[in-house]
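Listing of final.pdb; format and content: PDB, C-alpha atoms.
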ATOM      1  CA  MET E   1      43.366  38.044 -60.717
ATOM      2  CA  LYS E   2      43.726  37.821 -56.938
ATOM      3  CA  GLU E   3      44.912  34.505 -55.536
ATOM      4  CA  VAL E   4      43.137  33.214 -52.443
ATOM      5  CA  LYS E   5      43.740  30.111 -50.356
ATOM      6  CA  LEU E   6      40.606  28.572 -48.872
ATOM      7  CA  TYR E   7      40.910  25.923 -46.162
ATOM      8  CA  THR E   8      37.673  24.114 -45.311
ATOM      9  CA  ASP E   9      36.272  21.429 -43.038
ATOM     10  CA  GLY E  10      32.943  20.042 -41.945
ATOM     11  CA  ALA E  11      31.916  18.183 -38.792
ATOM     12  CA  CYS E  12      28.830  16.262 -37.782
ATOM     13  CA  SER E  13      27.780  14.520 -34.579
ATOM     14  CA  GLY E  14      25.851  11.548 -35.868
ATOM     15  CA  ASN E  15      25.125  11.290 -39.554
ATOM     16  CA  PRO E  16      22.602  12.846 -39.780
ATOM     17  CA  GLY E  17      22.818  15.029 -36.720
ATOM     18  CA  PRO E  18      23.963  18.477 -35.636
ATOM     19  CA  GLY E  19      26.769  19.713 -37.856
ATOM     20  CA  GLY E  20      29.083  22.613 -38.442
ATOM     21  CA  TYR E  21      31.513  23.916 -41.006
ATOM     22  CA  GLY E  22      34.600  26.057 -40.792
ATOM     23  CA  ALA E  23      36.658  27.870 -43.394
ATOM     24  CA  ILE E  24      39.689  30.123 -43.458
ATOM     25  CA  LEU E  25      40.343  32.444 -46.388
ATOM     26  CA  ILE E  26      43.883  33.739 -46.844
ATOM     27  CA  TYR E  27      44.746  36.654 -49.132
ATOM     28  CA  ASN E  28      47.939  38.723 -48.869
ATOM     29  CA  ASN E  29      48.710  37.125 -45.486
ATOM     30  CA  VAL E  30      45.349  38.307 -44.124
ATOM     31  CA  GLU E  31      43.155  35.545 -42.693
ATOM     32  CA  LYS E  32      39.381  35.521 -42.333
ATOM     33  CA  GLU E  33      37.625  32.748 -40.421
ATOM     34  CA  ILE E  34      33.995  31.808 -41.015
ATOM     35  CA  SER E  35      31.788  29.089 -39.583
ATOM     36  CA  GLY E  36      28.179  28.033 -39.338
ATOM     37  CA  CYS E  37      25.932  25.181 -38.304
ATOM     38  CA  GLU E  38      22.761  23.230 -39.024
ATOM     39  CA  ALA E  39      20.704  21.260 -36.527
ATOM     40  CA  ASN E  40      20.059  18.209 -38.734
ATOM     41  CA  THR E  41      22.625  17.590 -41.444
ATOM     42  CA  THR E  42      25.353  15.272 -42.674
ATOM     43  CA  ASN E  43      29.130  15.423 -42.673
ATOM     44  CA  ASN E  44      29.256  15.562 -46.474
ATOM     45  CA  LYS E  45      26.796  18.439 -46.567
ATOM     46  CA  MET E  46      28.910  20.401 -44.089
ATOM     47  CA  GLU E  47      32.050  19.708 -46.144
ATOM     48  CA  ILE E  48      30.383  21.217 -49.240
ATOM     49  CA  MET E  49      28.928  24.109 -47.219
ATOM     50  CA  ALA E  50      32.407  25.073 -46.005
ATOM     51  CA  VAL E  51      33.587  25.454 -49.604
ATOM     52  CA  LEU E  52      30.422  27.282 -50.670
ATOM     53  CA  LYS E  53      30.465  29.754 -47.808
ATOM     54  CA  GLY E  54      34.148  30.466 -48.371
ATOM     55  CA  LEU E  55      33.637  31.155 -52.074
ATOM     56  CA  GLU E  56      30.570  33.314 -51.317
ATOM     57  CA  MET E  57      32.784  35.643 -49.251
ATOM     58  CA  LEU E  58      34.749  36.710 -52.325
ATOM     59  CA  LYS E  59      33.730  40.092 -53.718
ATOM     60  CA  GLU E  60      35.276  39.663 -57.188
ATOM     61  CA  PRO E  61      36.456  36.809 -59.420
ATOM     62  CA  CYS E  62      39.549  35.191 -57.901
ATOM     63  CA  LYS E  63      41.918  32.312 -58.425
ATOM     64  CA  VAL E  64      41.120  30.054 -55.469
ATOM     65  CA  ILE E  65      42.967  27.020 -54.174
ATOM     66  CA  VAL E  66      40.649  25.015 -51.918
ATOM     67  CA  TYR E  67      42.325  22.783 -49.338
ATOM     68  CA  SER E  68      39.951  20.109 -48.053
ATOM     69  CA  ASP E  69      40.272  16.800 -46.232
ATOM     70  CA  SER E  70      37.010  15.619 -47.825
ATOM     71  CA  ALA E  71      37.635  12.976 -50.480
ATOM     72  CA  TYR E  72      33.933  13.345 -51.348
ATOM     73  CA  VAL E  73      34.297  17.012 -52.297
ATOM     74  CA  VAL E  74      37.761  16.853 -53.862
ATOM     75  CA  ASN E  75      37.055  13.731 -55.919
ATOM     76  CA  ALA E  76      33.652  14.976 -57.070
ATOM     77  CA  ILE E  77      35.399  17.901 -58.740
ATOM     78  CA  ASP E  78      38.833  16.534 -59.646
ATOM     79  CA  LYS E  79      37.537  13.216 -60.997
ATOM     80  CA  GLY E  80      34.675  14.962 -62.810
ATOM     81  CA  TRP E  81      31.925  13.092 -60.967
ATOM     82  CA  VAL E  82      29.840  16.227 -60.438
ATOM     83  CA  TYR E  83      29.833  17.012 -64.159
ATOM     84  CA  SER E  84      28.709  13.470 -65.001
ATOM     85  CA  TRP E  85      26.042  13.612 -62.319
ATOM     86  CA  LYS E  86      24.694  16.862 -63.715
ATOM     87  CA  LYS E  87      24.778  15.562 -67.300
ATOM     88  CA  ASN E  88      22.831  12.479 -66.142
ATOM     89  CA  ASN E  89      20.095  14.524 -64.413
ATOM     90  CA  TRP E  90      21.822  14.185 -61.044
ATOM     91  CA  LYS E  91      21.963  10.400 -61.141
ATOM     92  CA  LYS E  92      25.065   8.433 -60.194
ATOM     93  CA  ALA E  93      26.428   5.533 -62.234
ATOM     94  CA  ASP E  94      24.251   3.160 -60.181
ATOM     95  CA  LYS E  95      21.187   5.245 -61.235
ATOM     96  CA  LYS E  96      20.592   6.432 -57.649
ATOM     97  CA  GLU E  97      19.953  10.128 -57.126
ATOM     98  CA  VAL E  98      22.918  12.244 -56.061
ATOM     99  CA  LYS E  99      22.671  13.700 -52.563
ATOM    100  CA  ASN E 100      23.052  17.450 -51.937
ATOM    101  CA  ILE E 101      22.078  18.420 -55.497
ATOM    102  CA  GLU E 102      21.256  22.013 -54.559
ATOM    103  CA  LEU E 103      24.691  22.454 -52.974
ATOM    104  CA  TRP E 104      26.513  20.944 -55.960
ATOM    105  CA  GLU E 105      24.551  23.242 -58.304
ATOM    106  CA  GLU E 106      25.520  26.249 -56.196
ATOM    107  CA  LEU E 107      29.168  25.167 -56.157
ATOM    108  CA  LEU E 108      29.205  24.779 -59.948
ATOM    109  CA  LYS E 109      27.779  28.311 -60.324
ATOM    110  CA  LEU E 110      30.497  29.736 -58.092
ATOM    111  CA  MET E 111      33.138  27.804 -60.017
ATOM    112  CA  GLU E 112      32.006  29.631 -63.168
ATOM    113  CA  ILE E 113      32.863  32.939 -61.446
ATOM    114  CA  HIS E 114      36.143  31.899 -59.845
ATOM    115  CA  GLU E 115      39.079  29.862 -61.115
ATOM    116  CA  VAL E 116      38.931  27.086 -58.508
ATOM    117  CA  SER E 117      41.300  24.181 -57.940
ATOM    118  CA  PHE E 118      41.213  21.615 -55.151
ATOM    119  CA  VAL E 119      43.959  20.086 -53.040
ATOM    120  CA  LYS E 120      43.266  17.061 -50.840
ATOM    121  CA  VAL E 121      44.889  17.383 -47.433
ATOM    122  CA  LYS E 122      45.147  14.732 -44.750
ATOM    123  CA  GLY E 123      42.598  15.401 -42.021
ATOM    124  CA  HIS E 124      43.520  15.605 -38.344
ATOM    125  CA  SER E 125      47.243  15.628 -39.065
ATOM    126  CA  ASP E 126      49.887  18.334 -39.164
ATOM    127  CA  ASN E 127      48.112  20.853 -41.397
ATOM    128  CA  GLU E 128      47.639  23.906 -39.141
ATOM    129  CA  TYR E 129      44.833  25.427 -41.197
ATOM    130  CA  ASN E 130      42.902  22.177 -41.597
ATOM    131  CA  ASN E 131      43.113  21.663 -37.845
ATOM    132  CA  ARG E 132      41.865  25.205 -37.238
ATOM    133  CA  CYS E 133      38.967  24.650 -39.655
ATOM    134  CA  ASP E 134      38.084  21.455 -37.797
ATOM    135  CA  LYS E 135      37.999  23.380 -34.513
ATOM    136  CA  LEU E 136      35.767  26.053 -36.088
ATOM    137  CA  ALA E 137      33.382  23.395 -37.435
ATOM    138  CA  VAL E 138      33.195  21.508 -34.133
ATOM    139  CA  LYS E 139      32.669  24.718 -32.154
ATOM    140  CA  ALA E 140      29.889  25.820 -34.545
ATOM    141  CA  ARG E 141      28.234  22.397 -34.218
ATOM    142  CA  GLU E 142      28.395  22.592 -30.441
ATOM    143  CA  ASN E 143      26.536  25.919 -30.483
ATOM    144  CA  ILE E 144      23.330  24.251 -31.700
TER     145      ILE E 144
END
How does this structure look as C-alpha coordinates?
Amino acid sequence: MKEVKLYTDGACSGNPGPGGYGAILIYNNVEKEISGCEANTTNNKMEIMAVLKGLEMLKEPCKVIVYSDSAYVVNAIDKGWVYSWKKNNWKKADKKEVKNIELWEELLKLMEIHEVSFVKVKGHSDNEYNNRCDKLAVKARENI
(Lines of atoms letter the chains of each structure in order from A and count residues from 1; the text may use other names and numbers.)
(Lines give C-alpha, C1' and ligand atoms only; values in the text may rest on other atoms or scores of the structure.)
Protein backbone atom coordinates (compact mmCIF):
# COMPACT_ATOMS: atom_id res chain seq x y z
CA MET A 1 0.00 0.00 0.00
CA LYS A 2 1.38 3.41 -0.98
CA GLU A 3 2.20 5.78 1.86
CA VAL A 4 1.17 9.41 1.42
CA LYS A 5 1.69 12.42 3.65
CA LEU A 6 -1.14 14.95 3.57
CA TYR A 7 -0.62 18.40 5.09
CA THR A 8 -3.78 20.49 5.43
CA ASP A 9 -4.99 23.88 6.62
CA GLY A 10 -8.08 26.04 6.47
CA ALA A 11 -8.51 29.80 6.74
CA CYS A 12 -11.51 32.06 7.17
CA SER A 13 -11.93 35.83 7.32
CA GLY A 14 -14.72 36.24 9.81
CA ASN A 15 -16.52 33.18 11.07
CA PRO A 16 -18.62 32.82 9.00
CA GLY A 17 -17.08 34.63 6.08
CA PRO A 18 -14.97 33.99 2.99
CA GLY A 19 -12.73 30.98 3.50
CA GLY A 20 -10.14 28.85 1.82
CA TYR A 21 -8.33 25.57 2.27
CA GLY A 22 -4.94 24.32 1.23
CA ALA A 23 -3.39 20.88 1.13
CA ILE A 24 -0.11 19.34 0.07
CA LEU A 25 0.14 15.66 -0.81
CA ILE A 26 3.59 14.07 -0.73
CA TYR A 27 4.34 10.68 -2.28
CA ASN A 28 7.84 9.48 -3.24
CA ASN A 29 9.20 13.01 -2.74
CA VAL A 30 6.70 14.38 -5.27
CA GLU A 31 4.49 17.19 -3.97
CA LYS A 32 1.06 18.22 -5.21
CA GLU A 33 -0.61 21.38 -3.93
CA ILE A 34 -4.37 21.90 -3.99
CA SER A 35 -6.59 24.70 -2.73
CA GLY A 36 -10.11 26.02 -2.97
CA CYS A 37 -12.50 28.52 -1.47
CA GLU A 38 -16.08 29.25 -0.45
CA ALA A 39 -17.69 32.67 -0.17
CA ASN A 40 -19.57 32.05 3.10
CA THR A 41 -18.09 29.40 5.35
CA THR A 42 -16.38 28.73 8.66
CA ASN A 43 -12.82 27.97 9.67
CA ASN A 44 -13.77 24.49 10.88
CA LYS A 45 -15.49 23.69 7.60
CA MET A 46 -12.39 24.72 5.66
CA GLU A 47 -10.19 22.58 7.93
CA ILE A 48 -12.33 19.51 7.13
CA MET A 49 -12.50 20.42 3.43
CA ALA A 50 -8.70 20.46 3.21
CA VAL A 51 -8.56 16.87 4.46
CA LEU A 52 -11.44 15.76 2.23
CA LYS A 53 -10.06 17.31 -0.93
CA GLY A 54 -6.63 15.84 -0.25
CA LEU A 55 -8.03 12.34 0.24
CA GLU A 56 -10.23 12.71 -2.87
CA MET A 57 -7.08 13.21 -4.98
CA LEU A 58 -5.91 9.66 -4.28
CA LYS A 59 -6.55 7.23 -7.13
CA GLU A 60 -6.20 4.01 -5.10
CA PRO A 61 -6.34 2.95 -1.44
CA CYS A 62 -3.35 4.39 0.42
CA LYS A 63 -1.89 4.64 3.88
CA VAL A 64 -2.25 8.35 4.64
CA ILE A 65 -0.79 10.40 7.47
CA VAL A 66 -2.72 13.66 7.78
CA TYR A 67 -0.87 16.56 9.40
CA SER A 68 -3.28 19.24 10.62
CA ASP A 69 -3.14 22.15 13.04
CA SER A 70 -6.90 21.81 13.64
CA ALA A 71 -7.63 20.39 17.09
CA TYR A 72 -11.27 20.15 15.93
CA VAL A 73 -10.43 17.75 13.10
CA VAL A 74 -7.68 15.77 14.83
CA ASN A 75 -9.59 15.32 18.09
CA ALA A 76 -12.84 14.42 16.34
CA ILE A 77 -11.08 11.42 14.83
CA ASP A 78 -8.42 10.52 17.40
CA LYS A 79 -10.71 10.90 20.42
CA GLY A 80 -13.54 9.10 18.61
CA TRP A 81 -15.97 12.02 18.82
CA VAL A 82 -17.11 11.61 15.21
CA TYR A 83 -18.03 7.96 15.78
CA SER A 84 -20.06 8.85 18.87
CA TRP A 85 -21.75 11.69 17.02
CA LYS A 86 -22.73 9.37 14.20
CA LYS A 87 -23.96 6.68 16.60
CA ASN A 88 -26.09 9.33 18.36
CA ASN A 89 -27.72 10.55 15.12
CA TRP A 90 -25.21 13.39 14.80
CA LYS A 91 -25.89 14.81 18.24
CA LYS A 92 -23.13 15.87 20.61
CA ALA A 93 -23.05 14.97 24.30
CA ASP A 94 -24.99 18.17 25.06
CA LYS A 95 -27.72 16.96 22.63
CA LYS A 96 -26.99 19.80 20.17
CA GLU A 97 -26.67 18.88 16.51
CA VAL A 98 -23.15 18.43 15.17
CA LYS A 99 -22.07 21.02 12.61
CA ASN A 100 -20.75 19.98 9.17
CA ILE A 101 -22.48 16.59 9.22
CA GLU A 102 -22.23 16.12 5.46
CA LEU A 103 -18.47 16.72 5.57
CA TRP A 104 -17.94 14.32 8.48
CA GLU A 105 -19.97 11.66 6.64
CA GLU A 106 -17.83 12.15 3.54
CA LEU A 107 -14.64 11.94 5.60
CA LEU A 108 -15.78 8.70 7.24
CA LYS A 109 -16.48 7.20 3.79
CA LEU A 110 -13.00 8.11 2.59
CA MET A 111 -11.49 6.68 5.77
CA GLU A 112 -13.08 3.33 4.87
CA ILE A 113 -11.09 3.37 1.60
CA HIS A 114 -7.78 4.61 2.98
CA GLU A 115 -5.83 3.76 6.11
CA VAL A 116 -5.79 7.24 7.65
CA SER A 117 -4.02 8.49 10.77
CA PHE A 118 -3.84 12.04 12.08
CA VAL A 119 -0.98 14.04 13.55
CA LYS A 120 -1.62 17.36 15.29
CA VAL A 121 0.95 19.98 14.34
CA LYS A 122 1.41 23.41 15.86
CA GLY A 123 -0.05 26.05 13.56
CA HIS A 124 1.92 29.09 12.41
CA SER A 125 5.19 27.74 13.77
CA ASP A 126 8.20 26.07 12.20
CA ASN A 127 6.42 23.38 10.18
CA GLU A 128 7.27 24.25 6.55
CA TYR A 129 4.37 22.31 5.04
CA ASN A 130 1.77 23.63 7.48
CA ASN A 131 2.95 27.16 6.73
CA ARG A 132 2.70 26.50 2.99
CA CYS A 133 -0.83 25.10 3.43
CA ASP A 134 -1.78 28.22 5.37
CA LYS A 135 -0.51 30.40 2.51
CA LEU A 136 -2.49 28.32 -0.01
CA ALA A 137 -5.66 28.63 2.09
CA VAL A 138 -5.28 32.39 2.59
CA LYS A 139 -4.53 32.96 -1.10
CA ALA A 140 -7.59 30.89 -2.11
CA ARG A 141 -9.75 32.88 0.32
CA GLU A 142 -8.47 36.15 -1.09
CA ASN A 143 -9.53 35.11 -4.60
CA ILE A 144 -13.22 35.29 -3.68
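Evaluating the PyMOL selection byres ((chain E and resi 120) around 7) against the shown model yields E:Tyr67, E:Ser68, E:Asp69, E:Ala71, E:Val74, E:Phe118, E:Val119, E:Val121, E:Lys122.
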May I have the residues from that selection written out with C-alpha atoms, as a CSV table (one decimal), in the frame of the given file?
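Written out: out03.csv:
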chain,number,residue,atom,x,y,z
E,67,TYR,CA,42.3,22.8,-49.3
E,68,SER,CA,40.0,20.1,-48.1
E,69,ASP,CA,40.3,16.8,-46.2
E,71,ALA,CA,37.6,13.0,-50.5
E,74,VAL,CA,37.8,16.9,-53.9
E,118,PHE,CA,41.2,21.6,-55.2
E,119,VAL,CA,44.0,20.1,-53.0
E,121,VAL,CA,44.9,17.4,-47.4
E,122,LYS,CA,45.1,14.7,-44.8
Taking all atoms listed in the file into account, produce a table as JSON lines in which each residue of region 77-138 of chain E with an atom at most 12 Å from an atom of region 59-62 of chain E appears once, together with its shortest atom pair and the distance in Å to one decimal, ordered by chain and rising number.
{"residue": "E:Leu110", "atom": "CA", "partner": "E:Pro61", "partner_atom": "CA", "distance": 9.3}
{"residue": "E:Met111", "atom": "CA", "partner": "E:Pro61", "partner_atom": "CA", "distance": 9.6}
{"residue": "E:Glu112", "atom": "CA", "partner": "E:Pro61", "partner_atom": "CA", "distance": 9.2}
{"residue": "E:Ile113", "atom": "CA", "partner": "E:Pro61", "partner_atom": "CA", "distance": 5.7}
{"residue": "E:His114", "atom": "CA", "partner": "E:Pro61", "partner_atom": "CA", "distance": 4.9}
{"residue": "E:Glu115", "atom": "CA", "partner": "E:Cys62", "partner_atom": "CA", "distance": 6.2}
{"residue": "E:Val116", "atom": "CA", "partner": "E:Cys62", "partner_atom": "CA", "distance": 8.2}
{"residue": "E:Ser117", "atom": "CA", "partner": "E:Cys62", "partner_atom": "CA", "distance": 11.1}
Distance query 12 Å from (42.7, 35.2, -43.0) using all atoms listed in the file, result as a VMD selection string: chain E and resid 4 to 7 23 to 34 54 57 129 132 to 133
E:Asn40, E:Asn88, E:Asn143, E:Ser35 ranked by distance to Leu52 (chain E), top pick (using all atoms listed in the file):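 Of E:Asn40, E:Asn88, E:Asn143, E:Ser35, the one nearest Leu52 (chain E), counting all atoms listed in the file, is E:Ser35.
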Matched chain/residue IDs from the PyMOL selection byres ((chain E and resi 14-21) around 12), as a PyMOL selection string: chain E and resi 7-13+22-24+33-54+68+130+132-144
Axis-aligned box for region 45-48 of chain E, 6 Å per side, centre and edges in Å as JSON:
{"center_x": 29.4, "center_y": 19.8, "center_z": -46.7, "size_x": 17.3, "size_y": 14.8, "size_z": 17.2}
Using all atoms listed in the file: which of E:Gly80, E:Trp90, E:Trp85, E:Ser70 has the shortest distance to His124 (chain E):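 The answer is E:Ser70, which sits nearest to His124 (chain E).
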Between CA of Glu3 (chain E) and CA of Leu107 (chain E) - distance in Å to one decimal: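 Calculated distance between CA of Leu107 (chain E) and CA of Glu3 (chain E) is 18.3 Å.
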Surrounding residues of Lys86 (chain E) excluding itself and chain neighbours under 3 positions, 12 Å, only C-alpha atoms, as a list in words: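 Contacts, in chain order: Ala76, Ile77, Gly80, Trp81, Val82, Tyr83, Asn89, Trp90, Lys91, Lys92, Ala93, Glu97, Val98, Lys99, Asn100, Ile101, Glu102, Trp104, Glu105 and Leu108 of chain E.
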Distance of CA of Lys109 (chain E) from CA of Tyr72 (chain E), expressed in Å to one decimal place: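 Between CA of Tyr72 (chain E) and CA of Lys109 (chain E) the gap works out to 18.5 Å.
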Gap from CA of Val73 (chain E) to CA of Leu103 (chain E) - Å, one decimal: 11.1 Å
